[in-house]
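Note: the block below is run17.txt and it holds compact mmCIF, C-alpha atoms.
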```txt
# COMPACT_ATOMS: atom_id res chain seq x y z
CA MET A 1 166.02 62.54 145.37
CA PRO A 2 169.77 62.93 144.73
CA ALA A 3 170.86 65.27 141.90
CA LEU A 4 170.70 63.60 138.49
CA PRO A 5 173.97 63.08 136.59
CA LEU A 6 174.66 65.76 133.95
CA GLU A 7 173.87 63.45 131.00
CA GLU A 8 170.42 62.61 132.31
CA ALA A 9 169.66 66.10 133.66
CA GLY A 10 170.70 67.60 130.32
CA LYS A 11 167.81 65.85 128.55
CA TYR A 12 165.26 67.33 130.95
CA VAL A 13 166.77 70.82 130.79
CA ALA A 14 166.93 70.68 126.99
CA GLY A 15 163.33 69.48 126.93
CA ALA A 16 162.14 72.40 129.06
CA TYR A 17 163.97 75.01 126.96
CA VAL A 18 162.81 73.40 123.69
CA VAL A 19 159.20 73.60 124.94
CA PHE A 20 159.64 77.31 125.70
CA LEU A 21 161.29 78.07 122.35
CA ALA A 22 158.74 75.95 120.45
CA LEU A 23 155.86 77.87 122.02
CA ILE A 24 157.39 81.20 121.00
CA VAL A 25 158.31 80.02 117.49
CA VAL A 26 154.82 78.60 116.84
CA TYR A 27 153.20 81.78 118.16
CA VAL A 28 155.39 84.02 116.00
CA ALA A 29 154.83 81.76 112.96
CA ILE A 30 151.04 82.02 113.38
CA LEU A 31 151.30 85.81 113.73
CA GLY A 32 153.56 85.92 110.67
CA ALA A 33 151.00 83.96 108.66
CA LYS A 34 148.28 86.42 109.72
CA ILE A 35 150.38 89.43 108.74
CA THR A 36 151.17 87.81 105.37
CA ARG A 37 147.44 87.31 104.77
CA ILE A 38 146.73 90.95 105.64
CA ASP A 39 149.49 92.05 103.26
CA ARG A 40 148.10 89.88 100.45
CA GLU A 41 144.53 91.10 100.95
CA LEU A 42 145.69 94.69 101.07
CA GLY A 43 147.50 94.17 97.75
CA GLN A 44 144.33 92.71 96.20
CA LEU A 45 142.26 95.64 97.41
CA LEU A 46 144.76 98.10 96.00
CA GLU A 47 144.69 96.33 92.62
CA LEU A 48 140.88 96.44 92.59
CA GLU A 49 140.92 100.09 93.61
CA ASP A 50 143.36 100.89 90.80
CA ALA A 51 141.18 99.00 88.30
CA ALA A 52 138.05 100.79 89.52
CA GLY A 53 139.80 104.15 89.20
CA ARG A 54 140.57 103.43 85.52
CA GLU A 55 136.92 102.55 84.70
CA PRO A 56 134.88 105.36 83.10
CA GLY A 57 132.57 106.82 85.79
CA GLY A 58 134.62 105.16 88.50
CA PRO A 59 136.01 106.95 91.54
CA ALA A 60 138.74 109.51 90.94
CA GLU A 61 142.25 108.17 91.07
CA VAL A 62 144.04 108.79 94.36
CA THR A 63 147.55 110.08 93.97
CA GLU A 64 150.29 109.22 96.43
CA GLN A 65 151.68 112.09 98.44
CA MET B 1 148.14 103.96 108.62
CA GLU B 2 148.04 105.38 112.13
CA ARG B 3 150.72 103.80 114.32
CA VAL B 4 148.58 102.96 117.32
CA TYR B 5 150.41 99.96 118.74
CA SER B 6 153.60 99.72 116.69
CA LYS B 7 155.11 102.91 118.16
CA GLY B 8 158.47 102.14 119.74
CA PHE B 9 158.28 98.53 118.60
CA ARG B 10 161.75 98.35 117.06
CA PRO B 11 163.76 99.43 120.15
CA LEU B 12 161.57 97.18 122.26
CA ALA B 13 162.22 94.19 119.99
CA ILE B 14 165.97 94.90 120.01
CA ALA B 15 165.97 95.19 123.82
CA THR B 16 164.07 91.89 124.03
CA VAL B 17 166.55 90.05 121.82
CA LEU B 18 169.58 91.47 123.66
CA THR B 19 168.15 90.70 127.11
CA THR B 20 167.13 87.19 126.06
CA VAL B 21 170.62 86.46 124.70
CA ALA B 22 172.13 87.87 127.91
CA ALA B 23 169.78 85.73 130.00
CA PHE B 24 170.72 82.55 128.11
CA ALA B 25 174.42 83.38 128.46
CA LEU B 26 174.05 83.96 132.20
CA ILE B 27 172.00 80.79 132.68
CA PHE B 28 174.46 78.46 130.97
CA PHE B 29 177.85 80.18 131.48
CA TYR B 30 177.59 82.29 134.64
CA ALA B 31 175.08 80.92 137.14
CA PRO B 32 176.63 78.21 139.34
CA LEU B 33 175.21 74.72 139.56
CA ASP B 34 172.79 74.22 142.42
CA ALA B 35 174.36 72.20 145.23
CA ASP B 36 171.18 70.22 145.81
CA GLN B 37 169.64 69.75 142.36
CA GLY B 38 172.65 70.17 140.09
CA PHE B 39 172.13 70.95 136.41
CA ILE B 40 168.37 70.31 136.51
CA GLN B 41 167.93 73.56 138.48
CA LYS B 42 168.57 75.48 135.20
CA ILE B 43 164.87 74.91 134.41
CA PHE B 44 164.15 77.38 137.24
CA TYR B 45 165.32 80.30 135.05
CA VAL B 46 162.68 79.67 132.40
CA HIS B 47 159.90 78.14 134.49
CA VAL B 48 159.61 80.74 137.29
CA PRO B 49 159.88 83.91 135.11
CA MET B 50 157.27 82.43 132.78
CA ALA B 51 154.94 81.79 135.73
CA ILE B 52 155.43 85.30 137.19
CA VAL B 53 154.92 87.02 133.82
CA ALA B 54 151.86 84.88 133.02
CA LEU B 55 150.24 85.73 136.37
CA CYS B 56 151.09 89.44 135.95
CA GLY B 57 149.63 89.25 132.43
CA PHE B 58 146.33 87.95 133.83
CA VAL B 59 146.25 90.82 136.35
CA ALA B 60 147.18 93.34 133.62
CA GLY B 61 144.33 91.94 131.51
CA GLY B 62 141.97 92.68 134.40
CA VAL B 63 143.28 96.25 134.78
CA MET B 64 142.84 96.88 131.04
CA ALA B 65 139.33 95.46 131.27
CA ILE B 66 138.55 97.98 134.03
CA ARG B 67 139.70 100.75 131.71
CA HIS B 68 137.47 99.34 128.97
CA LEU B 69 134.42 99.40 131.21
CA ARG B 70 135.25 102.90 132.49
CA THR B 71 135.95 104.51 129.10
CA GLY B 72 133.91 102.33 126.76
CA GLU B 73 136.85 102.20 124.31
CA ARG B 74 136.98 98.87 122.50
CA SER B 75 140.76 99.11 122.15
CA TRP B 76 141.13 98.41 125.89
CA ASP B 77 139.12 95.23 125.52
CA MET B 78 141.44 94.17 122.70
CA ARG B 79 144.49 94.95 124.86
CA SER B 80 142.98 92.90 127.70
CA TYR B 81 142.17 89.98 125.37
CA VAL B 82 145.69 89.87 123.91
CA ALA B 83 147.28 90.04 127.40
CA ILE B 84 145.15 87.11 128.58
CA HIS B 85 145.78 85.19 125.36
CA LEU B 86 149.56 85.54 125.77
CA SER B 87 149.36 84.65 129.46
CA ILE B 88 147.55 81.43 128.60
CA ILE B 89 150.31 80.55 126.13
CA LEU B 90 152.94 81.22 128.81
CA GLY B 91 150.79 79.30 131.30
CA THR B 92 150.92 76.28 129.00
CA GLY B 93 154.71 76.60 129.03
CA VAL B 94 154.73 76.85 132.84
CA LEU B 95 152.72 73.65 133.21
CA ILE B 96 154.86 71.70 130.74
CA THR B 97 158.25 72.91 132.02
CA GLY B 98 157.02 72.43 135.60
CA ALA B 99 156.04 68.85 134.82
CA ILE B 100 159.46 68.19 133.26
CA TRP B 101 161.21 69.66 136.31
CA ALA B 102 158.96 67.70 138.68
CA LYS B 103 159.74 64.44 136.89
CA ALA B 104 163.47 65.08 137.03
CA SER B 105 163.44 66.36 140.59
CA TRP B 106 160.71 64.44 142.41
CA GLY B 107 160.26 61.46 140.09
CA HIS B 108 156.63 62.39 139.28
CA TRP B 109 155.18 64.47 136.44
CA TRP B 110 152.59 65.99 138.76
CA VAL B 111 151.99 66.16 142.51
CA TRP B 112 148.33 66.71 143.37
CA ASP B 113 148.82 67.61 147.05
CA GLU B 114 151.13 70.56 146.32
CA PRO B 115 149.22 73.90 146.57
CA VAL B 116 151.49 75.82 144.15
CA LEU B 117 150.96 73.36 141.30
CA VAL B 118 147.25 72.85 141.82
CA SER B 119 146.51 76.55 142.31
CA PHE B 120 148.32 77.45 139.08
CA LEU B 121 146.37 74.74 137.26
CA ILE B 122 143.12 76.19 138.67
CA VAL B 123 144.04 79.69 137.45
CA PHE B 124 145.02 78.29 134.05
CA LEU B 125 141.79 76.32 133.67
CA LEU B 126 139.77 79.33 134.83
CA TYR B 127 141.25 81.42 132.04
CA CYS B 128 140.71 78.64 129.50
CA VAL B 129 136.99 79.36 130.01
CA TYR B 130 137.61 82.92 128.75
CA TYR B 131 137.77 81.79 125.09
CA PRO B 132 134.41 79.97 124.87
CA LEU B 133 132.81 82.78 126.86
CA ARG B 134 134.19 85.46 124.55
CA PHE B 135 133.58 83.76 121.23
CA SER B 136 130.12 82.43 122.06
CA ILE B 137 128.81 86.02 122.05
CA GLU B 138 128.26 87.41 118.56
CA ASP B 139 127.34 91.00 119.39
CA PRO B 140 130.72 92.83 119.60
CA GLU B 141 129.60 95.25 122.33
CA ARG B 142 128.26 92.50 124.59
CA GLN B 143 131.27 90.32 123.81
CA ALA B 144 133.65 93.05 124.93
CA ARG B 145 131.60 93.88 128.04
CA TYR B 146 131.17 90.30 129.25
CA SER B 147 134.82 89.48 128.52
CA SER B 148 135.88 92.52 130.54
CA VAL B 149 133.77 91.45 133.51
CA PHE B 150 135.35 87.99 133.35
CA ALA B 151 138.85 89.48 133.02
CA ILE B 152 138.31 91.69 136.08
CA ALA B 153 136.97 88.81 138.19
CA GLY B 154 139.81 86.54 137.05
CA GLY B 155 142.41 89.28 137.53
CA ALA B 156 141.22 89.80 141.12
CA PHE B 157 141.31 86.05 141.76
CA VAL B 158 144.98 85.72 140.80
CA PRO B 159 146.54 87.77 143.68
CA ILE B 160 144.05 86.30 146.16
CA ASN B 161 145.02 82.83 145.01
CA PHE B 162 148.71 83.71 145.17
CA THR B 163 148.38 85.01 148.75
CA ALA B 164 146.44 81.93 149.82
CA VAL B 165 149.14 79.66 148.42
CA ARG B 166 151.84 81.68 150.21
CA MET B 167 150.00 81.17 153.47
CA ALA B 168 149.63 77.44 152.88
CA GLU B 169 152.26 75.07 154.14
CA ALA B 170 154.78 74.04 151.51
CA VAL B 171 154.88 70.30 150.88
CA THR B 172 157.48 69.80 148.19
CA HIS B 173 157.47 72.86 145.89
CA PRO B 174 159.97 75.53 147.08
CA ARG B 175 158.90 79.14 147.63
CA VAL B 176 160.73 81.72 145.54
CA LEU B 177 160.79 85.51 146.03
CA SER B 178 160.17 85.13 149.73
CA GLN B 179 161.06 87.84 152.27
CA THR B 180 164.50 86.31 152.56
CA GLY B 181 165.00 86.71 148.83
CA GLY B 182 164.34 83.06 148.12
CA ASN B 183 167.80 82.21 149.52
CA LEU B 184 169.33 82.67 146.08
CA PRO B 185 173.06 83.40 145.98
CA GLY B 186 174.15 86.59 144.15
CA GLU B 187 174.99 85.02 140.76
CA MET B 188 171.77 83.01 140.71
CA ARG B 189 169.71 86.04 141.74
CA LEU B 190 171.23 88.21 139.00
CA THR B 191 170.61 85.48 136.42
CA PHE B 192 167.05 85.08 137.64
CA LEU B 193 166.36 88.83 137.50
CA VAL B 194 167.78 89.12 133.95
CA SER B 195 165.67 86.10 132.91
CA LEU B 196 162.60 87.72 134.46
CA LEU B 197 163.31 90.99 132.62
CA ALA B 198 163.80 89.10 129.33
CA MET B 199 160.51 87.26 129.81
CA ALA B 200 158.67 90.49 130.65
CA LEU B 201 160.12 92.24 127.58
CA LEU B 202 159.22 89.24 125.42
CA PHE B 203 155.67 89.41 126.71
CA VAL B 204 155.34 93.14 125.94
CA THR B 205 156.93 92.72 122.50
CA LEU B 206 154.59 89.89 121.49
CA TRP B 207 151.64 91.77 123.00
CA LYS B 208 152.40 94.81 120.85
CA LEU B 209 153.00 92.62 117.79
CA GLU B 210 149.66 90.86 118.11
CA LEU B 211 147.84 94.12 118.80
CA THR B 212 149.41 95.65 115.68
CA SER B 213 148.32 92.63 113.65
CA LYS B 214 144.76 92.81 115.00
CA HIS B 215 144.62 96.56 114.40
CA ALA B 216 145.82 96.12 110.80
CA SER B 217 143.24 93.39 110.26
CA ALA B 218 140.46 95.65 111.57
CA GLN B 219 141.64 98.53 109.35
CA LEU B 220 141.63 96.20 106.36
CA LYS B 221 138.07 95.14 107.16
CA ARG B 222 136.97 98.79 107.30
CA LEU B 223 138.71 99.54 104.01
CA ARG B 224 137.00 96.56 102.34
CA SER B 225 133.58 97.71 103.58
CA ARG B 226 134.26 101.22 102.32
CA LEU B 227 135.31 99.95 98.88
CA GLU B 228 132.27 97.66 98.71
CA LEU B 229 130.04 100.63 99.48
CA ARG B 230 131.75 102.69 96.81
CA ALA B 231 131.38 99.85 94.29
CA GLU B 232 127.64 99.84 94.98
CA GLU B 233 127.48 103.59 94.40
CA HIS B 234 129.43 103.28 91.13
CA PRO B 235 128.17 100.09 89.46
CA ALA B 236 130.42 100.72 86.45
CA ALA B 237 133.43 100.21 88.67
CA GLN B 238 134.72 96.71 89.25
CA PRO B 239 133.06 95.08 92.27
CA VAL B 240 135.18 94.24 95.30
CA THR B 241 135.50 90.47 95.66
CA ARG B 242 136.56 88.57 98.78
```
Could you express the structure from this file as structure tokens?
Amino acid sequence: MPALPLEEAGKYVAGAYVVFLALIVVYVAILGAKITRIDRELGQLLELEDAAGREPGGPAEVTEQ
Amino acid sequence: MERVYSKGFRPLAIATVLTTVAAFALIFFYAPLDADQGFIQKIFYVHVPMAIVALCGFVAGGVMAIRHLRTGERSWDMRSYVAIHLSIILGTGVLITGAIWAKASWGHWWVWDEPVLVSFLIVFLLYCVYYPLRFSIEDPERQARYSSVFAIAGGAFVPINFTAVRMAEAVTHPRVLSQTGGNLPGEMRLTFLVSLLAMALLFVTLWKLELTSKHASAQLKRLRSRLELRAEEHPAAQPVTR
């Protein structure tokens, strides 16, 4: 086949690069969501740990170094 | 927290961004237009590096699986899993960008009698089986062991498949990285090599990022179990809720 004119070829090239970028963006977004969830759960655990440390008979409070 | 996977992440991420920007600049402002295909040939710089890195990722997954079986360390199974997972994502990109290029270049989205296309599809579909195999096994030890065996078999299949395709007669798909250097002129070759480096760095960066995320998730799980145990030992303390 002869080479496509720039206007028509541009759509295909843009499509290919958009597919590549979309894959990376979606992947990073999913990873970001997972890291956010880990951060939130870690915060909740820390709050519970702090609350447990304040209870009488609870575990001794851990001090930051 | 122990920095198992995140060590050296920042310079790696910076190198990835810089190389990717350089690759894009070279692709669109430096590399000349192909005399035969014209502007459509620009897809080559994303399609081929993605394919090479995806295939190398499958082989790397197999090598890491060998280390898992030799040492018994679960971390190697996780490394292998993440490498295969990322390679499948890149493989999806290879198939889609390849189909776009085929449509623009040959007038068809797919050509079934072309060994390069069909062999890549076979490798891709083979690795798609990895997920149901891995996640259908509940016991973590067996899951890791069986997944490693699959990764080794698959990793060995990839170079064999690649060699077989090289030996086959080309119908329509061109051969790149041949002994003659793929007949790429200097500017195109430089652009291609920078694109390949950018793709490889992107792969390693995302691999480390996902491993760090999985490691943090596992650490969190261990911490939760420990706190639950402690809450049982000290009933007066507030129970740990999910």
With a distance threshold of 7 Å and counting only C-alpha atoms, extract the residues of chain B near chain A and express them as a PyMOL selection string.
chain B and resi 36-40+42-43+93+97+100+104-106+210+213+217+220+234+236-238+240
Shell of 10 Å around Tyr131 (chain B), all atoms listed in the file, local chain residues under 2 positions omitted, as a PyMOL selection string:
chain B and resi 81+84-85+127-129+133-136+147
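Minimum atom-to-atom distances from B:His47, B:Ile137, B:Thr16, B:Arg230 to Ala99 (chain B) were compared using all atoms listed in the file, and the lowest value belongs to B:His47.
CA of Trp207 (chain B) sits 29.0 Å away from CA of Ala164 (chain B).
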Given the point (158.0, 97.0, 119.6) in the file's coordinates, find the residues that have an atom at most 12 Å from it, counting all atoms listed in the file, and give them as number ranges by chain.
B: 3-17, 201-212
Taking only C-alpha atoms into account, name the residue in B:Val149, B:Ala54, B:Leu229, B:Val165 that is nearest to Ile89 (chain B).
B:Ala54
Would you please work out which residue, of B:Met78, B:Leu223, B:Val111, B:Leu196, is nearest to Leu46 (chain A) when using only C-alpha atoms?
B:Leu223
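Interatomic distance, CA of Val26 (chain A) against CA of Leu86 (chain B): 12.5 Å.
Separating CA of Pro32 (chain B) from CA of Val53 (chain B) is a distance of 24.1 Å.
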Can you pull out the residues contacting Tyr30 (chain B)? Cut-off 10 Å, using only C-alpha atoms, and skip same-chain residues under 3 positions away; I want them as a compact mmCIF listing (two decimals) with C-alpha atoms, keeping the file's coordinate frame.
```txt
# COMPACT_ATOMS: atom_id res chain seq x y z
CA ALA B 23 169.78 85.73 130.00
CA PHE B 24 170.72 82.55 128.11
CA ALA B 25 174.42 83.38 128.46
CA LEU B 26 174.05 83.96 132.20
CA ILE B 27 172.00 80.79 132.68
CA LEU B 33 175.21 74.72 139.56
CA GLU B 187 174.99 85.02 140.76
CA MET B 188 171.77 83.01 140.71
CA LEU B 190 171.23 88.21 139.00
CA THR B 191 170.61 85.48 136.42
```
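Residue nearest Leu55 (chain B) within the list B:Ala156, B:Leu18, B:Val118, B:Ala102: B:Ala156 [criterion: smallest interatomic distance, all atoms listed in the file].
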Could I see region 215-227 of chain B restored to N, CA and C atoms, set down as a tab-separated table (two decimals), in the frame of the given file?
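What landed in rebuild22.tsv:
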```
chain	number	residue	atom	x	y	z
B	215	HIS	N	145.01	95.22	114.82
B	215	HIS	CA	144.62	96.56	114.40
B	215	HIS	C	144.65	96.66	112.87
B	216	ALA	N	145.71	96.10	112.26
B	216	ALA	CA	145.82	96.12	110.80
B	216	ALA	C	144.68	95.33	110.17
B	217	SER	N	144.33	94.21	110.78
B	217	SER	CA	143.24	93.39	110.26
B	217	SER	C	141.91	94.15	110.32
B	218	ALA	N	141.70	94.88	111.43
B	218	ALA	CA	140.46	95.65	111.57
B	218	ALA	C	140.42	96.79	110.56
B	219	GLN	N	141.57	97.44	110.34
B	219	GLN	CA	141.64	98.53	109.35
B	219	GLN	C	141.33	98.01	107.96
B	220	LEU	N	141.85	96.82	107.67
B	220	LEU	CA	141.63	96.20	106.36
B	220	LEU	C	140.14	95.91	106.15
B	221	LYS	N	139.50	95.44	107.21
B	221	LYS	CA	138.07	95.14	107.16
B	221	LYS	C	137.27	96.42	106.85
B	222	ARG	N	137.65	97.50	107.51
B	222	ARG	CA	136.97	98.79	107.30
B	222	ARG	C	137.18	99.28	105.88
B	223	LEU	N	138.39	99.11	105.38
B	223	LEU	CA	138.71	99.54	104.01
B	223	LEU	C	137.90	98.74	103.00
B	224	ARG	N	137.77	97.43	103.25
B	224	ARG	CA	137.00	96.56	102.34
B	224	ARG	C	135.54	97.00	102.32
B	225	SER	N	134.99	97.27	103.51
B	225	SER	CA	133.58	97.71	103.58
B	225	SER	C	133.39	99.01	102.82
B	226	ARG	N	134.35	99.92	102.98
B	226	ARG	CA	134.26	101.22	102.32
B	226	ARG	C	134.30	101.05	100.80
B	227	LEU	N	135.18	100.17	100.33
B	227	LEU	CA	135.31	99.95	98.88
B	227	LEU	C	134.06	99.25	98.34
```
